[in-house]
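Asks: Shown below is the structure under consideration.
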Amino acid sequence: MAAAGAARPVLKRAVLLAALAAALAVPAVVTLPFPRHVIIMIFLYGALASAWNILAGYCGQISLGHAVFFGTGAYTSSLLGRELGLTPWLGMVAGAAAAALLSQVIGYPVFRLRGHYFAIATIAVGEIAHTLVANWDWAGGARGLFVPIKRPDSLLDFQFHDSKAVYYYIALGLLLLALGVTHRLERSRRGYYFRAVRDDQEVAASLGVHVAREKRRAIAVSAALTAACGTFWAQYLLYIDPESVFPLALSILICLVAVLGGVGTLWGPVLGAAVLVPLSEGTRIWLGGGGQALDLLIYGALIVVISVVQPAGIMGLLRRRPAGSAR
Amino acid sequence: MSLLAVAGLTKRFGGVVATRDVSFRVAPGELVGVIGPNGAGKSTLFDLVTGFTPPDAGEVRLDGRPITGRRPDEIARLGVARTFQKLRPFPDLTAIENVMIGAFQKTADVGAARAAALEVLAGVGLAERAEAPARGLSTGQRKRLELARALATRPRLLLLDEVTGGVDQATVPGLLRLVRDLHAGGLSLIVIEHNMRVIMELAQRVVALALGEVIADGPPEAIVRDHRVIDAYLGESWRG
């Protein structure tokens, strides 16, 4: 048993390194724009769902308003670029900071609510933000914002028109960042405290855990990572509007990706994204504009199947196998 | 000086008075029993002392310093630990992870917390169940887990809400031995208990509550002879 215990981490590390090497090599093999786009979206939604998972999966606060932070990231970098000519990289940092700050303002009243009531309140916050931005003329209102196109491609400008390869690596970087933060969290006192708060707030408090502070930290980290993804989205599409970065549908999708993969686990959000994104892109291609409702139908069916068959998500299915196949 | 001094604690829930002008003290190293019929205000008293419920009037002092109005986690960090009447393990955490949450109060290091938690688990006889999910434990094991989790915070004062409640008779002696050992080790305790024989055996002093008021406070032998206690709680059968 000791030998198996020692071999497992080595094997795990080898598998992870191989996966990373494969991920780095993909753009050399996959050269067509569309497959690259699908993988970029898997990384992006994997990162978004991981960020959501920190607050909802580990700390137990189910948010259905995360589009607020996504939109904050997208708009902060785009507006700073328009007004000050700031590089989107600094805009990304500013957006993350703005979202973290905003999350504290939102959290102050909303964290007083629990369970379903918390989730409902986050929906309301999301809709308020959506409406405010849609009516904010200086920020482009409902028409949205164009990110001015700059040529030639440059890393500083965060724009790449010749190939999606750089976007691919940036999206991969965002995913690795989100996973890295989650991994560190799992191995720290903070992560244990988050899970204690998720399971029972009063008992956690009775053991000396400052419940409100742990929730505030969880949402700050979650919001900052989500905002970084928002900036990426703005630079990837070079056009944002309230309908694309603040909708309730996005908040729900982020949640769905994580739930499908397995909440409160490191790899669940990535697995969920790897299943849902191709499904969504596939129905979009095969069914064209007319298929818009169909992918939602499939999502709906998936939600029903998950809740009935395996509430722990894909990770739960993997864990049913003999011990050792998953953490 | 008293470790804990409760003075004039009053709490109303709507029109119902849960506790009225409750005062008592706990000396360092003392084991105080709290008895009273259902609804006497015993658990409310624990909630008031540990900051889960703010009192309408009165004061709680720890080491002479007022702690009334402090948050539960602050009071816990000052060295007051508690268990809950209804067993409440963190269900998705393993037994050892449950205890680690308490142990983290003394260390931020995960390895050190794990080692400390394992030691406490061994102390309550749960070491071999350390990696089991808490939801899979039996009631008796959960009771021990609850105790271990509170102990892992290294409290100076431990509030136990029903040590033997809800566990089968075979488990009771082991739990009592545990509590007695903790007390012998220098820990101060307040123990809520329904079982009179248990409280007689354990406590040095007993505070009797009825309808939210302290009706008697003294050594166990005196309490069982107190007429108000007998009328309010023990009833005719005890006298007979």
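Going through the structure tokens in order, the chains are called A, B, and so on, while each chain numbers its residues from 1 and the ligands are numbered from 1 in the order shown.
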Show me, as JSON lines, the residues of chain A having an atom within 7 Å of chain B, each with the closest atom pair and its distance in Å, using only C-alpha atoms.
Replies:
{"residue": "A:Ser188", "atom": "CA", "partner": "B:Val110", "partner_atom": "CA", "distance": 6.3}
{"residue": "A:Arg189", "atom": "CA", "partner": "B:Ala108", "partner_atom": "CA", "distance": 5.9}
{"residue": "A:Tyr192", "atom": "CA", "partner": "B:Ile101", "partner_atom": "CA", "distance": 6.7}
{"residue": "A:Tyr193", "atom": "CA", "partner": "B:Ile101", "partner_atom": "CA", "distance": 6.7}
{"residue": "A:Ala196", "atom": "CA", "partner": "B:Phe90", "partner_atom": "CA", "distance": 6.4}
{"residue": "A:Asp199", "atom": "CA", "partner": "B:Phe90", "partner_atom": "CA", "distance": 5.2}
{"residue": "A:Asp200", "atom": "CA", "partner": "B:Phe90", "partner_atom": "CA", "distance": 6.3}
{"residue": "A:Ala205", "atom": "CA", "partner": "B:Asp73", "partner_atom": "CA", "distance": 4.6}
{"residue": "A:Ser206", "atom": "CA", "partner": "B:Asp73", "partner_atom": "CA", "distance": 5.6}
{"residue": "A:Leu207", "atom": "CA", "partner": "B:Gly102", "partner_atom": "CA", "distance": 5.3}
{"residue": "A:Gly208", "atom": "CA", "partner": "B:Asp73", "partner_atom": "CA", "distance": 3.9}
{"residue": "A:Val209", "atom": "CA", "partner": "B:Asp73", "partner_atom": "CA", "distance": 5.5}
{"residue": "A:His210", "atom": "CA", "partner": "B:Asp73", "partner_atom": "CA", "distance": 5.7}
Asks: Stretch 118-135 of chain A: which residues within 7 Å, counting only C-alpha atoms, same-chain residues fewer than 6 positions away excluded, as a list in words?
Replies: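 What passes the distance filter is Ile62, Ser63, Leu64, Gly65, Ala67, Val68, Val110, Phe111, Gly141, Ala142, Pro242, Phe246, Pro247 and Leu248 of chain A.
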Asks: Residues within 10 Å of A:Met41, please, as a list in words. Count only C-alpha atoms; anything in the same chain fewer than 3 positions from it doesn't count.
Replies: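 That gives Pro35, Arg36, His37, Val38, Leu44, Tyr45, Gly46, Ala47, Tyr168, Ala171, Leu172, Trp233, Ala273, Ala274, Val277, Pro278 and Glu281 of chain A.
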Asks: Please report, as a PyMOL selection string, each residue of stretch 52-261 of chain A to which DSSP assigns strand (DSSP E or B) when run on this structure's backbone.
Replies: chain A and resi 145-146+154+159+239-240
Asks: Go through A:Gln61, A:Ser50, A:Thr226, A:Thr31 and flag the residue nearest A:Ala98, using only C-alpha atoms for the distances.
Replies: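 Under the stated criterion, the closest residue is A:Thr226.
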Asks: Separation of atom CA of B:Leu87 and atom CA of B:Thr139, in Å?
Replies: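 For atom CA of B:Leu87 relative to atom CA of B:Thr139, the distance reads 8.2 Å.
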Asks: Once DSSP has gone over the backbone, tell me which residues of stretch 79-324 of chain A are in helix (DSSP H, G or I), as a VMD selection string.
Replies: chain A and resid 79 to 84 88 to 110 115 to 134 137 to 139 141 to 143 165 to 186 189 to 199 201 to 206 211 to 237 242 to 245 248 to 261 268 to 309 313 to 319
Asks: Which residues are close to B:Pro133, i.e. within 6 Å by only C-alpha atoms, leaving aside same-chain residues fewer than 2 positions away? Reply as a list in words.
Replies: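 Non-adjacent residues within range: Leu93, Thr94, Ala95, Arg135 and Gly136 of chain B.
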Asks: Need to verify the contact set: B:Asp56, 9 Å, only C-alpha atoms, exclusion of same-chain residues closer than 4 positions in sequence. Can you return it as a PyMOL selection string?
Replies: chain B and resi 9-12
Asks: Please indicate the distance in Å from atom CA of B:Thr19 to atom CA of B:Gly41, rounded to one decimal place.
Replies: 5.6 Å
